[in-house]
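A.B. asks: Next comes protein35.txt, compact mmCIF, C-alpha atoms:
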```txt
# COMPACT_ATOMS: atom_id res chain seq x y z
CA MET A 98 -20.31 10.89 103.65
CA LYS A 99 -19.56 7.17 103.65
CA ASN A 100 -16.09 5.89 104.39
CA ALA A 101 -15.13 3.80 101.34
CA LEU A 102 -13.17 0.73 102.45
CA LYS A 103 -11.21 -1.15 99.82
CA LEU A 104 -10.96 -4.73 101.00
CA ALA A 105 -8.97 -7.68 99.62
CA ALA A 106 -10.72 -10.98 100.39
CA ILE A 107 -8.54 -14.11 100.32
CA PRO A 108 -10.72 -17.05 101.43
CA GLY A 109 -7.94 -19.59 100.83
CA ASP A 110 -8.72 -23.21 101.65
CA GLY A 111 -11.21 -25.42 103.43
CA ILE A 112 -13.61 -23.70 105.78
CA GLY A 113 -11.80 -20.44 105.11
CA ILE A 114 -13.94 -20.15 101.98
CA GLU A 115 -17.13 -20.71 104.01
CA VAL A 116 -16.40 -18.32 106.86
CA ILE A 117 -15.10 -15.49 104.68
CA GLU A 118 -18.32 -15.64 102.68
CA ALA A 119 -20.24 -15.43 105.96
CA GLY A 120 -18.08 -12.54 107.15
CA LEU A 121 -18.69 -10.55 103.98
CA GLN A 122 -22.44 -11.13 104.29
CA VAL A 123 -22.39 -9.71 107.81
CA LEU A 124 -20.24 -6.76 106.75
CA ASP A 125 -22.66 -5.99 103.92
CA ALA A 126 -25.59 -6.09 106.34
CA LEU A 127 -23.77 -3.88 108.82
CA SER A 128 -22.84 -1.41 106.10
CA ALA A 129 -26.48 -1.19 105.01
CA ARG A 130 -27.68 -0.62 108.58
CA MET A 131 -24.98 1.85 109.66
CA GLY A 132 -24.70 3.87 106.48
CA THR A 133 -21.28 5.14 107.57
CA PHE A 134 -19.06 2.94 105.41
CA ALA A 135 -19.18 1.18 102.08
CA LEU A 136 -17.21 -1.90 101.05
CA ASP A 137 -15.32 -2.30 97.79
CA VAL A 138 -14.28 -5.96 97.87
CA GLU A 139 -11.92 -7.69 95.46
CA HIS A 140 -11.68 -11.48 95.69
CA PHE A 141 -8.42 -13.39 95.22
CA ASP A 142 -8.32 -17.12 94.45
CA TRP A 143 -5.00 -17.62 96.18
CA GLY A 144 -4.66 -20.97 97.91
CA SER A 145 -3.90 -24.67 97.52
CA GLU A 146 -6.10 -25.11 94.44
CA ARG A 147 -4.08 -22.46 92.65
CA TYR A 148 -0.89 -24.15 93.87
CA ARG A 149 -1.96 -27.48 92.36
CA ARG A 150 -2.82 -25.73 89.10
CA GLU A 151 0.08 -23.29 88.73
CA GLY A 152 2.74 -24.31 91.25
CA ARG A 153 2.29 -21.10 93.29
CA PHE A 154 -0.18 -20.10 95.98
CA MET A 155 -0.22 -16.52 94.73
CA PRO A 156 1.46 -14.51 91.99
CA GLU A 157 5.06 -13.49 92.47
CA ASP A 158 3.96 -9.88 92.94
CA GLY A 159 1.02 -10.84 95.17
CA ALA A 160 2.13 -8.86 98.21
CA GLU A 161 2.69 -5.81 96.02
CA GLN A 162 -0.84 -6.12 94.63
CA LEU A 163 -2.22 -6.00 98.18
CA ARG A 164 -0.61 -2.64 98.93
CA ALA A 165 -3.47 -0.94 97.08
CA PHE A 166 -6.04 -2.06 99.69
CA ASP A 167 -7.10 -0.67 103.06
CA ALA A 168 -7.17 -4.12 104.67
CA ILE A 169 -7.01 -7.83 103.89
CA LEU A 170 -9.56 -10.39 105.09
CA PHE A 171 -7.93 -13.82 105.07
CA GLY A 172 -9.60 -17.19 105.62
CA ALA A 173 -7.11 -20.03 105.96
CA VAL A 174 -4.47 -21.90 104.01
CA GLY A 175 -3.60 -25.58 104.07
CA ALA A 176 -4.78 -28.81 102.47
CA PRO A 177 -4.24 -32.48 103.35
CA ASP A 178 -2.28 -33.18 100.16
CA VAL A 179 -0.01 -30.12 100.40
CA PRO A 180 2.82 -30.01 102.98
CA ASP A 181 2.04 -27.40 105.64
CA HIS A 182 5.38 -25.63 105.34
CA LEU A 183 4.72 -25.00 101.65
CA SER A 184 1.28 -23.49 102.23
CA LEU A 185 2.34 -21.36 105.20
CA TRP A 186 5.42 -19.89 103.52
CA GLY A 187 3.72 -19.77 100.14
CA LEU A 188 0.80 -17.61 101.21
CA ARG A 189 0.29 -16.37 104.76
CA LEU A 190 3.90 -15.57 105.59
CA ALA A 191 4.47 -14.43 102.02
CA ILE A 192 1.95 -11.68 102.81
CA CYS A 193 2.81 -10.86 106.43
CA GLN A 194 6.55 -10.45 105.98
CA PRO A 195 6.73 -8.23 102.86
CA LEU A 196 3.95 -6.03 104.24
CA ASP A 197 5.76 -5.80 107.59
CA GLN A 198 2.75 -6.84 109.65
CA PHE A 199 4.93 -7.18 112.73
CA ALA A 200 2.29 -7.23 115.48
CA ASN A 201 -0.08 -10.19 115.62
CA VAL A 202 -2.87 -9.37 118.07
CA ARG A 203 -5.12 -12.08 119.49
CA PRO A 204 -7.82 -11.11 122.01
CA THR A 205 -9.26 -13.85 124.21
CA ARG A 206 -12.48 -13.67 126.21
CA ILE A 207 -15.11 -16.06 127.48
CA LEU A 208 -18.09 -14.85 125.48
CA PRO A 209 -21.61 -14.90 126.93
CA GLY A 210 -23.15 -18.36 126.76
CA VAL A 211 -19.79 -20.08 126.20
CA SER A 212 -18.26 -22.36 128.83
CA SER A 213 -14.55 -22.56 129.52
CA PRO A 214 -12.97 -25.95 130.20
CA LEU A 215 -11.37 -24.29 133.22
CA ARG A 216 -13.30 -25.26 136.33
CA ASN A 217 -15.19 -22.34 137.87
CA ALA A 218 -13.71 -19.83 135.39
CA ARG A 219 -15.68 -16.59 135.21
CA PRO A 220 -15.69 -14.27 132.18
CA GLU A 221 -13.80 -11.62 134.16
CA ASP A 222 -11.08 -14.18 134.96
CA LEU A 223 -10.07 -14.62 131.34
CA ASP A 224 -9.92 -11.36 129.40
CA TRP A 225 -6.57 -11.26 127.66
CA VAL A 226 -4.86 -9.82 124.62
CA ILE A 227 -1.83 -11.72 123.35
CA VAL A 228 0.67 -9.78 121.23
CA ARG A 229 2.81 -12.02 119.04
CA GLU A 230 5.96 -10.74 117.40
CA ASN A 231 5.11 -11.51 113.80
CA SER A 232 8.13 -10.73 111.65
CA GLU A 233 11.22 -12.47 112.98
CA GLY A 234 12.16 -14.74 115.88
CA GLU A 235 11.76 -18.45 115.29
CA TYR A 236 9.83 -17.93 112.03
CA SER A 237 12.39 -15.78 110.27
CA GLY A 238 12.93 -18.36 107.54
CA GLN A 239 16.67 -18.44 108.10
CA GLY A 240 18.29 -21.87 107.82
CA GLY A 241 18.61 -24.75 105.42
CA ARG A 242 19.31 -28.42 104.81
CA SER A 243 22.38 -30.14 103.49
CA HIS A 244 23.58 -33.72 102.85
CA ARG A 245 19.98 -34.73 102.17
CA GLY A 246 19.26 -38.42 102.57
CA LEU A 247 22.64 -39.18 104.11
CA PRO A 248 23.16 -40.34 107.71
CA HIS A 249 24.77 -37.01 108.55
CA GLU A 250 21.98 -34.89 107.02
CA VAL A 251 21.75 -31.48 108.67
CA ALA A 252 18.72 -29.20 109.06
CA THR A 253 18.85 -25.78 110.72
CA ASP A 254 16.28 -23.14 111.63
CA VAL A 255 17.88 -19.99 112.99
CA ALA A 256 15.84 -17.76 115.28
CA ILE A 257 16.58 -14.11 114.53
CA PHE A 258 16.09 -11.44 117.20
CA THR A 259 17.01 -7.86 116.30
CA ARG A 260 16.97 -5.01 118.76
CA ALA A 261 14.78 -3.01 116.37
CA GLY A 262 12.32 -5.87 115.93
CA VAL A 263 12.06 -6.62 119.64
CA GLU A 264 11.78 -2.98 120.64
CA ARG A 265 8.98 -2.11 118.23
CA VAL A 266 6.76 -5.02 119.26
CA MET A 267 7.54 -4.40 122.93
CA ARG A 268 6.53 -0.74 122.62
CA PHE A 269 3.35 -1.79 120.84
CA ALA A 270 2.55 -4.21 123.67
CA PHE A 271 3.22 -1.65 126.41
CA GLU A 272 1.04 0.91 124.62
CA LEU A 273 -1.74 -1.65 124.24
CA ALA A 274 -1.47 -2.56 127.93
CA ARG A 275 -1.63 1.14 128.82
CA SER A 276 -4.90 1.47 126.86
CA ARG A 277 -6.59 -1.34 128.82
CA PRO A 278 -8.20 -0.78 132.25
CA ARG A 279 -5.76 -2.92 134.26
CA ARG A 280 -2.59 -1.50 132.64
CA LYS A 281 -0.76 -4.78 133.14
CA LEU A 282 1.68 -6.59 130.84
CA THR A 283 3.31 -10.00 131.10
CA VAL A 284 6.45 -10.54 129.03
CA VAL A 285 6.99 -14.18 128.05
CA THR A 286 10.52 -15.42 127.53
CA LYS A 287 12.80 -18.48 127.75
CA SER A 288 16.02 -16.77 128.63
CA ASN A 289 17.19 -19.44 131.04
CA ALA A 290 17.83 -21.76 128.08
CA GLN A 291 18.09 -19.41 125.10
CA ARG A 292 20.86 -17.22 126.42
CA TYR A 293 21.32 -14.85 123.48
CA GLY A 294 18.13 -13.93 121.64
CA MET A 295 15.90 -14.36 124.68
CA VAL A 296 18.25 -12.42 126.95
CA LEU A 297 18.10 -9.58 124.42
CA TRP A 298 14.27 -9.90 124.60
CA ASP A 299 14.44 -9.52 128.40
CA GLU A 300 16.84 -6.58 128.28
CA VAL A 301 14.80 -4.66 125.72
CA ALA A 302 11.62 -5.28 127.73
CA ALA A 303 13.23 -3.74 130.81
CA GLU A 304 14.47 -0.76 128.81
CA VAL A 305 11.10 -0.07 127.19
CA ALA A 306 9.31 -0.49 130.52
CA ARG A 307 11.07 2.63 131.83
CA ASP A 308 9.05 4.68 129.32
CA PHE A 309 5.79 3.26 130.70
CA PRO A 310 5.88 3.80 134.47
CA ASP A 311 2.08 3.59 134.58
CA VAL A 312 2.11 -0.02 133.28
CA ALA A 313 2.75 -2.81 135.77
CA TRP A 314 4.73 -5.59 134.14
CA ASP A 315 6.18 -8.94 135.01
CA LYS A 316 8.13 -11.68 133.26
CA MET A 317 7.40 -15.40 132.83
CA LEU A 318 9.24 -18.33 131.30
CA VAL A 319 7.04 -19.81 128.59
CA ASP A 320 6.67 -23.22 130.24
CA ALA A 321 5.60 -21.67 133.53
CA MET A 322 3.25 -19.41 131.55
CA THR A 323 1.16 -22.39 130.43
CA VAL A 324 0.67 -23.30 134.09
CA ARG A 325 -0.29 -19.74 135.02
CA MET A 326 -2.77 -19.50 132.15
CA THR A 327 -4.62 -22.59 133.36
CA LEU A 328 -4.32 -22.21 137.13
CA ASP A 329 -4.37 -18.42 137.62
CA PRO A 330 -5.96 -16.84 134.53
CA ALA A 331 -7.24 -13.80 136.45
CA SER A 332 -3.65 -12.69 137.07
CA LEU A 333 -3.10 -12.02 133.36
CA ASP A 334 -4.20 -9.22 131.07
CA THR A 335 -1.93 -8.19 128.16
CA ILE A 336 0.76 -10.67 127.10
CA VAL A 337 3.67 -10.29 124.69
CA ALA A 338 5.76 -13.17 123.38
CA THR A 339 7.93 -14.26 120.48
CA ASN A 340 6.62 -15.59 117.20
CA LEU A 341 6.77 -19.25 118.25
CA HIS A 342 5.83 -18.88 121.90
CA ALA A 343 2.82 -16.66 121.23
CA ASP A 344 1.69 -18.93 118.40
CA ILE A 345 1.41 -21.79 120.89
CA LEU A 346 0.09 -19.79 123.84
CA SER A 347 -2.64 -18.12 121.79
CA ASP A 348 -4.04 -21.48 120.70
CA LEU A 349 -4.08 -22.56 124.33
CA ALA A 350 -5.85 -19.30 125.18
CA ALA A 351 -8.48 -19.94 122.51
CA ALA A 352 -9.15 -23.42 123.87
CA LEU A 353 -9.41 -22.08 127.43
CA SER A 354 -11.98 -19.51 126.27
CA GLY A 355 -14.22 -22.29 124.97
CA SER A 356 -13.30 -23.00 121.35
CA ILE A 357 -10.69 -22.20 118.75
CA GLY A 358 -13.69 -21.56 116.48
CA ILE A 359 -14.36 -18.20 118.11
CA ALA A 360 -10.80 -16.85 118.19
CA PRO A 361 -9.88 -13.85 115.99
CA THR A 362 -6.56 -12.33 115.07
CA ALA A 363 -5.10 -9.27 113.42
CA ASN A 364 -1.74 -9.08 111.64
CA LEU A 365 -1.04 -5.39 112.08
CA ASN A 366 1.30 -2.94 110.52
CA PRO A 367 0.86 -0.43 113.37
CA GLU A 368 2.66 2.27 111.41
CA ARG A 369 0.02 1.88 108.64
CA THR A 370 2.56 2.03 105.85
CA THR A 371 0.94 -1.11 104.40
CA PRO A 372 -2.48 -2.74 104.84
CA SER A 373 -3.03 -5.04 107.80
CA MET A 374 -4.46 -8.55 107.49
CA PHE A 375 -7.28 -9.98 109.60
CA GLU A 376 -8.00 -13.70 109.97
CA PRO A 377 -9.70 -16.25 112.20
CA ILE A 378 -7.10 -18.54 113.74
CA HIS A 379 -8.86 -21.89 113.35
CA GLY A 380 -7.19 -22.98 110.10
CA SER A 381 -8.69 -24.71 107.09
CA ALA A 382 -10.25 -27.62 109.07
CA PHE A 383 -10.75 -30.02 106.18
CA ASP A 384 -12.43 -32.51 108.53
CA ILE A 385 -15.55 -30.33 108.52
CA THR A 386 -15.18 -28.59 105.16
CA GLY A 387 -18.38 -28.65 103.14
CA LYS A 388 -20.56 -29.78 106.04
CA GLY A 389 -21.88 -26.29 106.72
CA VAL A 390 -21.03 -26.42 110.43
CA ALA A 391 -17.92 -24.22 110.62
CA ASN A 392 -18.22 -21.64 113.36
CA PRO A 393 -18.19 -18.17 111.74
CA ILE A 394 -17.94 -16.31 115.05
CA ALA A 395 -14.13 -16.05 114.85
CA THR A 396 -14.48 -14.38 111.46
CA PHE A 397 -17.15 -11.98 112.69
CA TRP A 398 -14.97 -11.00 115.67
CA THR A 399 -12.06 -10.60 113.25
CA CYS A 400 -14.23 -8.29 111.12
CA SER A 401 -14.99 -6.24 114.23
CA MET A 402 -11.25 -5.84 114.84
CA MET A 403 -10.78 -4.84 111.21
CA LEU A 404 -13.49 -2.18 111.38
CA ASP A 405 -11.95 -0.70 114.52
CA HIS A 406 -8.53 -0.58 112.84
CA LEU A 407 -10.07 1.18 109.83
CA GLY A 408 -11.66 3.90 111.94
CA GLU A 409 -15.19 2.51 112.09
CA ALA A 410 -15.28 2.23 115.88
CA GLU A 411 -19.07 2.49 116.20
CA ALA A 412 -19.61 -0.25 113.62
CA SER A 413 -17.02 -2.40 115.37
CA VAL A 414 -18.78 -2.07 118.72
CA ARG A 415 -22.17 -2.75 117.16
CA LEU A 416 -20.93 -5.91 115.45
CA MET A 417 -19.33 -7.17 118.67
CA ALA A 418 -22.58 -6.55 120.55
CA ALA A 419 -24.46 -8.59 117.94
CA ILE A 420 -21.90 -11.40 118.25
CA GLU A 421 -22.30 -11.52 122.03
CA THR A 422 -26.09 -11.48 121.77
CA VAL A 423 -26.09 -14.40 119.34
CA VAL A 424 -23.51 -16.53 121.16
CA ALA A 425 -25.36 -16.08 124.47
CA ASP A 426 -28.16 -18.27 123.06
CA PRO A 427 -27.17 -21.98 123.01
CA ALA A 428 -29.42 -22.43 119.97
CA ASN A 429 -26.74 -20.58 118.02
CA HIS A 430 -23.87 -22.84 119.06
CA THR A 431 -22.15 -24.81 116.31
CA PRO A 432 -20.78 -28.33 117.04
CA ASP A 433 -17.43 -27.02 118.34
CA LEU A 434 -19.42 -25.38 121.15
CA GLY A 435 -21.53 -28.48 121.71
CA GLY A 436 -24.52 -27.33 119.66
CA THR A 437 -26.19 -28.14 116.34
CA ALA A 438 -26.30 -24.72 114.67
CA THR A 439 -24.92 -24.24 111.17
CA THR A 440 -22.67 -21.64 109.61
CA ARG A 441 -25.67 -20.24 107.75
CA SER A 442 -27.98 -20.11 110.78
CA VAL A 443 -25.38 -18.34 112.96
CA THR A 444 -24.68 -15.86 110.15
CA GLN A 445 -28.37 -15.07 109.80
CA ALA A 446 -28.73 -14.73 113.57
CA VAL A 447 -25.94 -12.12 113.66
CA ILE A 448 -27.48 -10.24 110.74
CA ASP A 449 -30.84 -10.25 112.54
CA ALA A 450 -29.20 -9.09 115.77
CA LEU A 451 -27.62 -6.13 114.01
```
Any chance you could put this one into structure tokens?

C.D. replies:
Amino acid sequence: MKNALKLAAIPGDGIGIEVIEAGLQVLDALSARMGTFALDVEHFDWGSERYRREGRFMPEDGAEQLRAFDAILFGAVGAPDVPDHLSLWGLRLAICQPLDQFANVRPTRILPGVSSPLRNARPEDLDWVIVRENSEGEYSGQGGRSHRGLPHEVATDVAIFTRAGVERVMRFAFELARSRPRRKLTVVTKSNAQRYGMVLWDEVAAEVARDFPDVAWDKMLVDAMTVRMTLDPASLDTIVATNLHADILSDLAAALSGSIGIAPTANLNPERTTPSMFEPIHGSAFDITGKGVANPIATFWTCSMMLDHLGEAEASVRLMAAIETVVADPANHTPDLGGTATTRSVTQAVIDAL
């Protein structure tokens, strides 16, 4: 009997529309070949075009509408004529926060056929998973502005760290590290300068670590972490950091693996009380929108993560194998990887490889 998967597709803006279409084509092909799952996809036109038309990126009850789905496949949000803070808070964070998707998971690997900008880096040297706290911290949305336009104008953004929020993401990270062969976790912090929230982060990490004696863990200040990622990548495996720090470090990780165009992410509700959201991390990339050269690999890898989360482990592995087979051939490299392939040709190559 087929597993019926109810999927909400939100292509959003720019190349998000192009790569989500490609992702759904690959999922349809995989479903036909595997015969173990069927997709029921509903498309949502939420994005900057809707904002220009109606003054909102999505309906007021948008997050509630999404509760009826098994998962959400999200493209990107952002347009040159719309301020970034409006698009981010109007759509992506307006989904993540109400649905309590508190663990953002970003795997990083050097895929076959892809070169890292790190000199002499081998695939086994850079095989990481970054866990980003996704519900509070520096992106809590607490703060405001007053005395606008006056010389003494004030703007505040308050980083919120709760013991409950830190502990749940820390436990998730330790459990993920335990499931990986090296059983190693690096906790990223900045407690030398941020003496309240980040010290709480450190203290909770040490407390949670006592429940995972089989996981080796260490601690790094975020600035030193950037150095370690570039000079000693083989020393890292699983990484956990705050909302802001992991946001920055995961983009660095994507670049070190060869291209931000191949980097996936999952916004997870690990307790599964709400659907999780899966998205490539490359953004809307309006500089290449409509040219047909957006790299769909990040979306395909994201779809593999989604299938695994939804219990289709065999399909997930098969899709990842097809991705690696295709990327290993330089003929399938899009311009971000130094090639001339197109979104359509890479999509067809993955379908053929399946």

A.B. asks: Please list, as a PyMOL selection string, the residues that have an atom at most 8 Å away from (-20.8, -14.5, 108.3) in the coordinates of this file, counting all atoms listed in the file.

C.D. replies: chain A and resi 116-124+393-394+396-397+440-441+443-445+447

A.B. asks: For atom CA of Leu170 of chain A and atom CA of Lys99 of chain A, quote the distance in Å rounded to one decimal.

C.D. replies: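 According to the coordinates, atom CA of Leu170 of chain A and atom CA of Lys99 of chain A are separated by 20.3 Å.
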
A.B. asks: Any chance you could tabulate, as a tab-separated table, the residues of segment 373-396 of chain A at most 12 Å from segment 203-222 of chain A with each one's nearest atom pair and distance in Å to one decimal, using only C-alpha atoms, in chain and rising number order?

C.D. replies:
```
residue	atom	partner	partner_atom	distance
A:Phe375	CA	A:Arg203	CA	10.3
A:Glu376	CA	A:Arg203	CA	10.1
A:Pro377	CA	A:Arg203	CA	9.6
A:Ile378	CA	A:Arg203	CA	8.9
A:Ile394	CA	A:Leu208	CA	10.5
A:Ala395	CA	A:Pro204	CA	10.7
```

A.B. asks: Pick from A:Ala418, A:Ala200, A:Ala303, A:Ala256: nearest to Gly240 of chain A, with all atoms listed in the file counted?

C.D. replies: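 Result for the nearest residue to Gly240 of chain A: A:Ala256.
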
A.B. asks: Mind pulling up the distance from atom CA of Asp299 of chain A to atom CA of Gly241 of chain A?

C.D. replies: 27.9 Å

A.B. asks: Of the candidates A:Val324, A:Met374, A:Ala176, A:Ala129, which shows the shortest atom-to-atom distance to Arg189 of chain A, using only C-alpha atoms?

C.D. replies: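 The shortest atom-to-atom distance to Arg189 of chain A comes from A:Met374.
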
A.B. asks: Counting all atoms listed in the file, which of A:Gly380, A:His182, A:Arg153, A:Glu411 gets nearest to Gly132 of chain A?

C.D. replies: A:Glu411

A.B. asks: Record the distance separating atom CA of Ser232 of chain A and atom CA of Phe271 of chain A, expressed in Å with one decimal.

C.D. replies: 18.0 Å

A.B. asks: Of the residues A:Ala391, A:Ala126, A:His244, A:Leu407, which is the one nearest to Thr439 of chain A, using all atoms listed in the file?

C.D. replies: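 Nearest candidate to Thr439 of chain A out of A:Ala391, A:Ala126, A:His244, A:Leu407: A:Ala391.
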
A.B. asks: Taking N, CA and C atoms as the atom set, what does segment 211-238 of chain A look like once completed, written as a PDB file, in the frame of the given file?

C.D. replies:
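Saved result, part_30.pdb, follows:
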```pdb
ATOM      1  N   VAL A 211     -20.849 -19.118 126.509  1.00  0.00           N
ATOM      2  CA  VAL A 211     -19.790 -20.080 126.200  1.00  0.00           C
ATOM      3  C   VAL A 211     -19.134 -20.527 127.504  1.00  0.00           C
ATOM      4  N   SER A 212     -18.882 -21.818 127.624  1.00  0.00           N
ATOM      5  CA  SER A 212     -18.260 -22.360 128.830  1.00  0.00           C
ATOM      6  C   SER A 212     -16.782 -22.624 128.591  1.00  0.00           C
ATOM      7  N   SER A 213     -15.978 -22.258 129.565  1.00  0.00           N
ATOM      8  CA  SER A 213     -14.550 -22.560 129.520  1.00  0.00           C
ATOM      9  C   SER A 213     -14.299 -23.936 130.108  1.00  0.00           C
ATOM     10  N   PRO A 214     -13.327 -24.675 129.566  1.00  0.00           N
ATOM     11  CA  PRO A 214     -12.970 -25.950 130.200  1.00  0.00           C
ATOM     12  C   PRO A 214     -12.306 -25.781 131.548  1.00  0.00           C
ATOM     13  N   LEU A 215     -11.930 -24.540 131.895  1.00  0.00           N
ATOM     14  CA  LEU A 215     -11.370 -24.290 133.220  1.00  0.00           C
ATOM     15  C   LEU A 215     -12.471 -24.327 134.269  1.00  0.00           C
ATOM     16  N   ARG A 216     -12.293 -25.121 135.287  1.00  0.00           N
ATOM     17  CA  ARG A 216     -13.300 -25.260 136.330  1.00  0.00           C
ATOM     18  C   ARG A 216     -13.521 -23.935 137.042  1.00  0.00           C
ATOM     19  N   ASN A 217     -14.778 -23.545 137.133  1.00  0.00           N
ATOM     20  CA  ASN A 217     -15.190 -22.340 137.870  1.00  0.00           C
ATOM     21  C   ASN A 217     -14.667 -21.038 137.263  1.00  0.00           C
ATOM     22  N   ALA A 218     -14.206 -21.065 136.011  1.00  0.00           N
ATOM     23  CA  ALA A 218     -13.710 -19.830 135.390  1.00  0.00           C
ATOM     24  C   ALA A 218     -14.867 -18.885 135.098  1.00  0.00           C
ATOM     25  N   ARG A 219     -14.696 -17.627 135.490  1.00  0.00           N
ATOM     26  CA  ARG A 219     -15.680 -16.590 135.210  1.00  0.00           C
ATOM     27  C   ARG A 219     -15.197 -15.728 134.046  1.00  0.00           C
ATOM     28  N   PRO A 220     -16.110 -15.100 133.310  1.00  0.00           N
ATOM     29  CA  PRO A 220     -15.690 -14.270 132.180  1.00  0.00           C
ATOM     30  C   PRO A 220     -14.638 -13.235 132.563  1.00  0.00           C
ATOM     31  N   GLU A 221     -14.763 -12.651 133.752  1.00  0.00           N
ATOM     32  CA  GLU A 221     -13.800 -11.620 134.160  1.00  0.00           C
ATOM     33  C   GLU A 221     -12.430 -12.214 134.500  1.00  0.00           C
ATOM     34  N   ASP A 222     -12.358 -13.532 134.656  1.00  0.00           N
ATOM     35  CA  ASP A 222     -11.080 -14.180 134.960  1.00  0.00           C
ATOM     36  C   ASP A 222     -10.210 -14.367 133.725  1.00  0.00           C
ATOM     37  N   LEU A 223     -10.821 -14.352 132.561  1.00  0.00           N
ATOM     38  CA  LEU A 223     -10.070 -14.620 131.340  1.00  0.00           C
ATOM     39  C   LEU A 223     -10.439 -13.563 130.294  1.00  0.00           C
ATOM     40  N   ASP A 224      -9.729 -12.471 130.335  1.00  0.00           N
ATOM     41  CA  ASP A 224      -9.920 -11.360 129.400  1.00  0.00           C
ATOM     42  C   ASP A 224      -8.529 -10.871 129.035  1.00  0.00           C
ATOM     43  N   TRP A 225      -7.960 -11.493 128.008  1.00  0.00           N
ATOM     44  CA  TRP A 225      -6.570 -11.260 127.660  1.00  0.00           C
ATOM     45  C   TRP A 225      -6.440 -10.708 126.244  1.00  0.00           C
ATOM     46  N   VAL A 226      -5.296 -10.086 125.985  1.00  0.00           N
ATOM     47  CA  VAL A 226      -4.860  -9.820 124.620  1.00  0.00           C
ATOM     48  C   VAL A 226      -3.413 -10.303 124.508  1.00  0.00           C
ATOM     49  N   ILE A 227      -3.174 -11.207 123.575  1.00  0.00           N
ATOM     50  CA  ILE A 227      -1.830 -11.720 123.350  1.00  0.00           C
ATOM     51  C   ILE A 227      -1.231 -11.007 122.137  1.00  0.00           C
ATOM     52  N   VAL A 228      -0.060 -10.423 122.319  1.00  0.00           N
ATOM     53  CA  VAL A 228       0.670  -9.780 121.230  1.00  0.00           C
ATOM     54  C   VAL A 228       1.809 -10.721 120.824  1.00  0.00           C
ATOM     55  N   ARG A 229       1.796 -11.108 119.582  1.00  0.00           N
ATOM     56  CA  ARG A 229       2.810 -12.020 119.040  1.00  0.00           C
ATOM     57  C   ARG A 229       3.726 -11.264 118.089  1.00  0.00           C
ATOM     58  N   GLU A 230       5.020 -11.314 118.360  1.00  0.00           N
ATOM     59  CA  GLU A 230       5.960 -10.740 117.400  1.00  0.00           C
ATOM     60  C   GLU A 230       5.837 -11.529 116.114  1.00  0.00           C
ATOM     61  N   ASN A 231       5.619 -10.847 114.999  1.00  0.00           N
ATOM     62  CA  ASN A 231       5.110 -11.510 113.800  1.00  0.00           C
ATOM     63  C   ASN A 231       6.037 -11.431 112.599  1.00  0.00           C
ATOM     64  N   SER A 232       7.283 -10.948 112.821  1.00  0.00           N
ATOM     65  CA  SER A 232       8.130 -10.730 111.650  1.00  0.00           C
ATOM     66  C   SER A 232       9.482 -11.428 111.701  1.00  0.00           C
ATOM     67  N   GLU A 233       9.891 -11.860 112.891  1.00  0.00           N
ATOM     68  CA  GLU A 233      11.220 -12.470 112.980  1.00  0.00           C
ATOM     69  C   GLU A 233      11.192 -13.608 113.978  1.00  0.00           C
ATOM     70  N   GLY A 234      12.145 -13.666 114.897  1.00  0.00           N
ATOM     71  CA  GLY A 234      12.160 -14.740 115.880  1.00  0.00           C
ATOM     72  C   GLY A 234      12.370 -16.103 115.254  1.00  0.00           C
ATOM     73  N   GLU A 235      11.593 -17.064 115.718  1.00  0.00           N
ATOM     74  CA  GLU A 235      11.760 -18.450 115.290  1.00  0.00           C
ATOM     75  C   GLU A 235      11.214 -18.702 113.876  1.00  0.00           C
ATOM     76  N   TYR A 236      10.414 -17.760 113.355  1.00  0.00           N
ATOM     77  CA  TYR A 236       9.830 -17.930 112.030  1.00  0.00           C
ATOM     78  C   TYR A 236      10.457 -16.980 111.011  1.00  0.00           C
ATOM     79  N   SER A 237      11.722 -16.699 111.181  1.00  0.00           N
ATOM     80  CA  SER A 237      12.390 -15.780 110.270  1.00  0.00           C
ATOM     81  C   SER A 237      12.648 -16.383 108.902  1.00  0.00           C
ATOM     82  N   GLY A 238      12.651 -17.698 108.817  1.00  0.00           N
ATOM     83  CA  GLY A 238      12.930 -18.360 107.540  1.00  0.00           C
ATOM     84  C   GLY A 238      14.403 -18.501 107.249  1.00  0.00           C
TER      85      GLY A 238
END
```
